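A.B. asks: After the structure tokens below, expect a handful of questions from me.
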Amino acid sequence: MKMVKSLLLGTAAGLVAMTGAQAADLPVKAKPVQYVKICSLYGAGFYYIPGTDTCIKVGGFVRNESGYNAGGSYATYVNGTQALYDRAQETWTTRTRTAMTLDVREQTEYGTLRAYMRGGFQWSTADNITSNNNITYFDRGFIQFAGFTTGKTASFYDFHSHPTYSYQTQLLAGESGGAGTNVFGYTAQLGNGLSATIAAEDSSFRRAPVINNTAALSTFNTANAATEPRGSIAPEVVANLRIDQAWGSAQVQGAAHLVGAQRTGTSQIVHPSDKWGTAVGVGASFNLPMLGKGDTFSVGANWANGAVRYVSNPGVTNGTGMVFGLRQGNTIAMGEVVDGTIDVAGTGIDLSQAWSISGGYQHFWSPKWRTGVYGQYMNFKQSSATVDALCVAGGQAAGCQDFKGYQIGTRTQWNPVSNLDVGIDLMYTRANTAQNGRVISVVSNGGAASTATAGDIGVWSAFFRVQRNFYP
């Protein structure tokens, strides 16, 4: 019996030994390798570039939109010859825009080193229908380091952000965020949310014409007066003082803008003396959780003397005149935004003046539904003795080139799922001219000359958008 027991125990031990040896020969399951290492320093979406301490986030959006009376997203009737609406104008427009973003950051002994870019492609109604029509979109490309910001981004002058409340470009308050401008600035953090910035910015972005209006005002400025801004010789000097707190934020800002003309008449040797224009502004934004989670209210006001594109939208046509105009049948309301007018002697420039106020409120009905309401008002005065004299000689009152305008609207957006925007924007635009009753010569987009009678006009525009965001 003992022999049998020993035999059984020996056999079992042998089997165990064999099993252990075979198990040792089998491949061991490898531990999972994190090929993409998450970077949690800067929020969601960042990961480490393999082999470095640099974090990167890739994002972007795809957008499709349709507009009625919106002229792309520029509302309303601001493009085309003399900004006139006629049968050659695109009333119903569509546009698709795609953009990619790259946000790259790393820690250094001087703080965070950051580089950011956003750009892509778009196609709109009446663009060339080809597979390679070179229609690009680029509004951001900047570096931030040790308090410095250099590259293309929003101006440090800007505060009130219209896209928070509207899809349509609002023309009567200066803002560079939609297109971006080149800046070189330094921001000092003063503590408790208070900061101060001084910057040199691209001057062509804010440049408006200086006009040589020395002929009778038988036609409007754009048909009668040479637009003669001189080339850039100095940057815009921009400064702000800003505070950011749990309740919201506020800012005061100012800018200095050099105004100059190329020539008087046909001589480029004789020209008026350059003159510095100025702009000042103030704004505040408030978080209103007591009204709804995510609710905000924002307001801004600006005044300019010879730097009118800090008051009116500069992104319509950089370096040339922004004409704010409406036409219905044979009635036309127009106004041209200019930095100044060459005086009769040809030695000086009369600077234009303008001011505007804008605001918006956004309410969240639920996490998926939000509605914004917004408005803005602008008052432009050419402030030129030369123009006033021509107005009187032409049978008009002094100030016949001055104008006023306002835009009010509402946008409702639905987010059926995260990062998908579906919304509609409805806006009313009104232009009030000081030239009521005057007969003006105009040229249509088709080149035909005609006449129209000046008067105040209002028009509605609408915009529908679907946009898919991914880590924008």
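How things are named: the first chain in the structure tokens is A, the next is B, and so on; residues count from 1 in each chain; ligands count from 1 in the order shown.
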DSSP on the backbone: what in stretch 126-279 of chain A comes out alpha helix (DSSP H), as a ChimeraX atom specification?

C.D. replies: /A:221-224

A.B. asks: So that I have them on file, write out the residues from the current selection with N, CA and C atoms, as an mmCIF file, in the first residue's frame.

C.D. replies:
data_model
loop_
_atom_site.group_PDB
_atom_site.id
_atom_site.type_symbol
_atom_site.label_atom_id
_atom_site.label_comp_id
_atom_site.auth_asym_id
_atom_site.auth_seq_id
_atom_site.Cartn_x
_atom_site.Cartn_y
_atom_site.Cartn_z
ATOM 1 N N ASN A 221 -19.097 110.320 -52.294
ATOM 2 C CA ASN A 221 -17.643 110.337 -52.119
ATOM 3 C C ASN A 221 -16.912 109.324 -52.978
ATOM 4 N N THR A 222 -17.367 108.085 -52.971
ATOM 5 C CA THR A 222 -16.617 107.031 -53.639
ATOM 6 C C THR A 222 -16.531 107.238 -55.135
ATOM 7 N N ALA A 223 -17.445 108.007 -55.719
ATOM 8 C CA ALA A 223 -17.401 108.248 -57.158
ATOM 9 C C ALA A 223 -16.705 109.557 -57.498
ATOM 10 N N ASN A 224 -16.445 110.386 -56.478
ATOM 11 C CA ASN A 224 -15.994 111.740 -56.775
ATOM 12 C C ASN A 224 -14.636 112.076 -56.173
#

A.B. asks: Which residues are close to stretch 415-432 of chain A, i.e. within 6 Å by only C-alpha atoms, leaving aside same-chain residues fewer than 4 positions away? Reply as an MDAnalysis selection string.

C.D. replies: chainID A and resid 333 368 403:411 456:469

A.B. asks: Suppose we keep C-alpha atoms; can you now write the selection as an mmCIF file, in the first residue's frame?

C.D. replies:
data_model
loop_
_atom_site.group_PDB
_atom_site.id
_atom_site.type_symbol
_atom_site.label_atom_id
_atom_site.label_comp_id
_atom_site.auth_asym_id
_atom_site.auth_seq_id
_atom_site.Cartn_x
_atom_site.Cartn_y
_atom_site.Cartn_z
ATOM 1 C CA ALA A 333 -28.978 105.666 -47.629
ATOM 2 C CA LYS A 368 -29.086 72.553 -25.157
ATOM 3 C CA PHE A 403 -24.584 109.530 -41.065
ATOM 4 C CA LYS A 404 -25.935 107.338 -38.284
ATOM 5 C CA GLY A 405 -26.856 103.687 -38.186
ATOM 6 C CA TYR A 406 -27.858 100.875 -35.903
ATOM 7 C CA GLN A 407 -28.225 97.097 -35.963
ATOM 8 C CA ILE A 408 -30.308 94.963 -33.608
ATOM 9 C CA GLY A 409 -30.946 91.251 -33.706
ATOM 10 C CA THR A 410 -31.346 87.909 -32.021
ATOM 11 C CA ARG A 411 -29.782 84.479 -32.409
ATOM 12 C CA ASP A 456 -33.372 106.589 -44.456
ATOM 13 C CA ILE A 457 -33.674 102.844 -45.048
ATOM 14 C CA GLY A 458 -33.961 99.690 -42.936
ATOM 15 C CA VAL A 459 -33.635 96.043 -43.975
ATOM 16 C CA TRP A 460 -33.798 92.565 -42.437
ATOM 17 C CA SER A 461 -31.154 89.872 -42.872
ATOM 18 C CA ALA A 462 -31.024 86.248 -41.720
ATOM 19 C CA PHE A 463 -28.342 83.626 -41.205
ATOM 20 C CA PHE A 464 -28.607 79.849 -40.643
ATOM 21 C CA ARG A 465 -25.603 77.823 -39.449
ATOM 22 C CA VAL A 466 -24.658 74.223 -38.718
ATOM 23 C CA GLN A 467 -21.219 73.728 -37.164
ATOM 24 C CA ARG A 468 -19.358 70.705 -35.806
ATOM 25 C CA ASN A 469 -16.640 71.654 -33.315
#

A.B. asks: Would you please work out which residue, of A:Arg327, A:Lys37, A:Arg63, A:Lys57, is nearest to A:Arg114 when using only C-alpha atoms?

C.D. replies: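 The answer is A:Lys57, which sits nearest to A:Arg114.
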
A.B. asks: Extract, using only C-alpha atoms, all DNA, RNA and protein residues at most 9 Å from A:Ala354, discarding same-chain residues fewer than 4 positions from it, and format them as a list in words.

C.D. replies: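 Contacts, in chain order: Asn302, Trp303, Ala304, Asn305, Gly306, Ala307, Val308, Val311, Ser312, Met378, Asn379, Phe380, Lys381 and Gln382 of chain A.
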
A.B. asks: For the selection just defined, write its residues with C-alpha atoms to a file, as a compact mmCIF listing (two decimals), in the first residue's frame.

C.D. replies:
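This is the output file out-v3.txt:
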# COMPACT_ATOMS: atom_id res chain seq x y z
CA ASN A 302 -15.78 103.61 -28.24
CA TRP A 303 -14.95 107.12 -29.44
CA ALA A 304 -12.48 108.03 -32.18
CA ASN A 305 -10.94 111.15 -33.66
CA GLY A 306 -9.27 110.26 -36.96
CA ALA A 307 -9.15 106.56 -36.04
CA VAL A 308 -12.65 105.59 -37.09
CA VAL A 311 -15.46 102.39 -33.97
CA SER A 312 -16.62 100.72 -37.20
CA MET A 378 -22.81 104.35 -34.52
CA ASN A 379 -22.65 108.10 -35.16
CA PHE A 380 -20.16 109.36 -37.79
CA LYS A 381 -19.25 113.01 -38.39
CA GLN A 382 -16.82 113.99 -41.15

A.B. asks: Please report the interatomic distance between atom CA of A:Gly372 and atom CA of A:Gln413 in Å with one decimal.

C.D. replies: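 Separating atom CA of A:Gly372 from atom CA of A:Gln413 is a distance of 8.5 Å.
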
A.B. asks: Under the rule that only C-alpha atoms are counted, which of A:Phe286, A:Val183, A:Asn64, A:Ala173 is the nearest residue to A:Ile357?

C.D. replies: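 Smallest separation from A:Ile357 among the options: A:Ala173.
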
A.B. asks: Counting only C-alpha atoms, what is within 9 Å of A:Val210, bar same-chain residues fewer than 3 positions away, as an MDAnalysis selection string?

C.D. replies: chainID A and resid 226:230 259:262 338:342 349 351

A.B. asks: Neighbours of stretch 90-101 of chain A within 6 Å (only C-alpha atoms; same-chain residues fewer than 2 positions away dropped), as a list of chain:residue names?

C.D. replies: A:Val58, A:Gly59, A:Gly60, A:Phe61, A:Val62, A:Arg63, A:Asn64, A:Glu65, A:Ser66, A:Gly67, A:Tyr68, A:Asn69, A:Met117, A:Arg118, A:Gly119, A:Gly120, A:Phe121, A:Gln122, A:Trp123, A:Ser124, A:Thr125

A.B. asks: Of the candidates A:Pro235, A:Gly174, A:Pro163, A:Pro272, which shows the shortest atom-to-atom distance to A:Asp343, using only C-alpha atoms?

C.D. replies: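 Counting only C-alpha atoms, the residue closest to A:Asp343 is A:Pro272.
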
A.B. asks: Distance atom CA of A:Gln253-atom CA of A:Ala284, one decimal place?

C.D. replies: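 Going from atom CA of A:Gln253 over to atom CA of A:Ala284 covers 11.7 Å.
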
A.B. asks: Kindly give the distance, in Å, that separates atom CA of A:Tyr374 and atom CA of A:Gly359, rounded to a single decimal.

C.D. replies: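 Between atom CA of A:Tyr374 and atom CA of A:Gly359 the gap is 5.7 Å.
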
A.B. asks: Of the candidates A:Ser450, A:Ser356, A:Asn240, A:Gln328, which shows the shortest atom-to-atom distance to A:Gly375, using only C-alpha atoms?

C.D. replies: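 Smallest separation from A:Gly375 among the options: A:Ser356.
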
A.B. asks: Determine, counting only C-alpha atoms, which protein, DNA and RNA residues have an atom within 10 Å of an atom of A:Leu190; residues of the same chain fewer than 4 positions away are not included. Present the result as a list in words.

C.D. replies: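 The filter keeps Leu194, Ser195, Ala196, Arg242 and Ile243 of chain A.
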
A.B. asks: Kindly save the residues from that selection, with C-alpha atoms included, as a compact mmCIF listing (two decimals), in the first residue's frame.

C.D. replies:
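Everything below was put into selection-v4.txt:
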# COMPACT_ATOMS: atom_id res chain seq x y z
CA LEU A 194 -5.68 92.88 -12.87
CA SER A 195 -3.48 93.15 -15.99
CA ALA A 196 -2.06 95.87 -18.23
CA ARG A 242 -8.19 94.88 -17.66
CA ILE A 243 -9.63 93.05 -14.68

A.B. asks: Taking the chain letters and numbering used in this document, name the residues of stretch 130-273 of chain A that DSSP puts in strand (DSSP E), as JSON, numbers by chain.

C.D. replies: {"A": [136, 137, 138, 139, 140, 141, 142, 143, 144, 145, 148, 149, 150, 151, 152, 153, 181, 182, 183, 184, 185, 186, 187, 188, 189, 190, 191, 194, 195, 196, 197, 198, 199, 200, 201, 210, 211, 212, 226, 227, 236, 237, 238, 239, 240, 241, 242, 243, 244, 245, 248, 249, 250, 251, 252, 253, 254, 255, 256, 257, 258, 259]}

A.B. asks: For A:Ser285, please output as a list in words all residues within 10 Å (counting only C-alpha atoms; exclusion window: fewer than 2 positions along the same chain).

C.D. replies: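 Within the cut-off, the hits are Phe159, His160, Ser161, Asp244, Trp247, Gly248, Ser249, Ala250, Gln251, Gly283, Asn287, Leu288, Thr296, Phe297, Ser298, Val299, Gly300, Gly359, Gly360 and Tyr361 of chain A.
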
A.B. asks: Generate the output file for the selected residues, N, CA and C atoms, as a PDB file, in the first residue's frame.

C.D. replies:
ATOM      1  N   PHE A 159     -12.691  94.435 -26.831  1.00  0.00           N
ATOM      2  CA  PHE A 159     -13.227  93.851 -25.606  1.00  0.00           C
ATOM      3  C   PHE A 159     -14.548  93.123 -25.862  1.00  0.00           C
ATOM      4  N   HIS A 160     -15.597  93.877 -26.201  1.00  0.00           N
ATOM      5  CA  HIS A 160     -16.914  93.265 -26.416  1.00  0.00           C
ATOM      6  C   HIS A 160     -16.862  92.322 -27.614  1.00  0.00           C
ATOM      7  N   SER A 161     -17.228  91.060 -27.419  1.00  0.00           N
ATOM      8  CA  SER A 161     -17.125  90.038 -28.462  1.00  0.00           C
ATOM      9  C   SER A 161     -18.492  89.779 -29.082  1.00  0.00           C
ATOM     10  N   ASP A 244     -10.187  90.695 -14.488  1.00  0.00           N
ATOM     11  CA  ASP A 244     -10.984  89.480 -14.635  1.00  0.00           C
ATOM     12  C   ASP A 244     -11.256  88.904 -13.252  1.00  0.00           C
ATOM     13  N   TRP A 247     -17.101  87.535 -11.115  1.00  0.00           N
ATOM     14  CA  TRP A 247     -18.319  88.212 -11.573  1.00  0.00           C
ATOM     15  C   TRP A 247     -18.296  88.525 -13.060  1.00  0.00           C
ATOM     16  N   GLY A 248     -17.088  88.542 -13.681  1.00  0.00           N
ATOM     17  CA  GLY A 248     -16.955  88.881 -15.086  1.00  0.00           C
ATOM     18  C   GLY A 248     -15.644  89.591 -15.335  1.00  0.00           C
ATOM     19  N   SER A 249     -15.653  90.584 -16.195  1.00  0.00           N
ATOM     20  CA  SER A 249     -14.431  91.309 -16.539  1.00  0.00           C
ATOM     21  C   SER A 249     -14.780  92.706 -17.012  1.00  0.00           C
ATOM     22  N   ALA A 250     -13.763  93.589 -17.005  1.00  0.00           N
ATOM     23  CA  ALA A 250     -13.938  94.959 -17.473  1.00  0.00           C
ATOM     24  C   ALA A 250     -12.611  95.452 -18.017  1.00  0.00           C
ATOM     25  N   GLN A 251     -12.680  96.456 -18.907  1.00  0.00           N
ATOM     26  CA  GLN A 251     -11.463  96.946 -19.547  1.00  0.00           C
ATOM     27  C   GLN A 251     -11.639  98.395 -19.982  1.00  0.00           C
ATOM     28  N   GLY A 283     -15.330  98.823 -21.655  1.00  0.00           N
ATOM     29  CA  GLY A 283     -16.268  97.709 -21.784  1.00  0.00           C
ATOM     30  C   GLY A 283     -16.357  96.914 -20.502  1.00  0.00           C
ATOM     31  N   ASN A 287     -21.139  87.890 -15.622  1.00  0.00           N
ATOM     32  CA  ASN A 287     -21.726  86.556 -15.518  1.00  0.00           C
ATOM     33  C   ASN A 287     -22.985  86.655 -14.667  1.00  0.00           C
ATOM     34  N   LEU A 288     -24.080  86.062 -15.172  1.00  0.00           N
ATOM     35  CA  LEU A 288     -25.381  86.215 -14.507  1.00  0.00           C
ATOM     36  C   LEU A 288     -25.981  84.851 -14.174  1.00  0.00           C
ATOM     37  N   THR A 296     -24.743  85.597 -19.761  1.00  0.00           N
ATOM     38  CA  THR A 296     -23.782  86.700 -19.740  1.00  0.00           C
ATOM     39  C   THR A 296     -24.407  87.946 -20.336  1.00  0.00           C
ATOM     40  N   PHE A 297     -23.902  89.095 -19.907  1.00  0.00           N
ATOM     41  CA  PHE A 297     -24.254  90.384 -20.486  1.00  0.00           C
ATOM     42  C   PHE A 297     -22.968  91.170 -20.702  1.00  0.00           C
ATOM     43  N   SER A 298     -22.832  91.770 -21.894  1.00  0.00           N
ATOM     44  CA  SER A 298     -21.621  92.499 -22.231  1.00  0.00           C
ATOM     45  C   SER A 298     -21.977  93.799 -22.920  1.00  0.00           C
ATOM     46  N   VAL A 299     -21.188  94.850 -22.653  1.00  0.00           N
ATOM     47  CA  VAL A 299     -21.426  96.151 -23.262  1.00  0.00           C
ATOM     48  C   VAL A 299     -20.086  96.830 -23.501  1.00  0.00           C
ATOM     49  N   GLY A 300     -20.004  97.612 -24.577  1.00  0.00           N
ATOM     50  CA  GLY A 300     -18.783  98.339 -24.887  1.00  0.00           C
ATOM     51  C   GLY A 300     -19.107  99.644 -25.594  1.00  0.00           C
ATOM     52  N   GLY A 359     -23.806  96.120 -27.365  1.00  0.00           N
ATOM     53  CA  GLY A 359     -24.046  95.246 -26.219  1.00  0.00           C
ATOM     54  C   GLY A 359     -24.776  93.984 -26.617  1.00  0.00           C
ATOM     55  N   GLY A 360     -24.792  93.024 -25.708  1.00  0.00           N
ATOM     56  CA  GLY A 360     -25.496  91.773 -25.966  1.00  0.00           C
ATOM     57  C   GLY A 360     -25.777  91.025 -24.679  1.00  0.00           C
ATOM     58  N   TYR A 361     -26.840  90.227 -24.705  1.00  0.00           N
ATOM     59  CA  TYR A 361     -27.199  89.362 -23.574  1.00  0.00           C
ATOM     60  C   TYR A 361     -27.518  87.979 -24.099  1.00  0.00           C
TER      61      TYR A 361
END
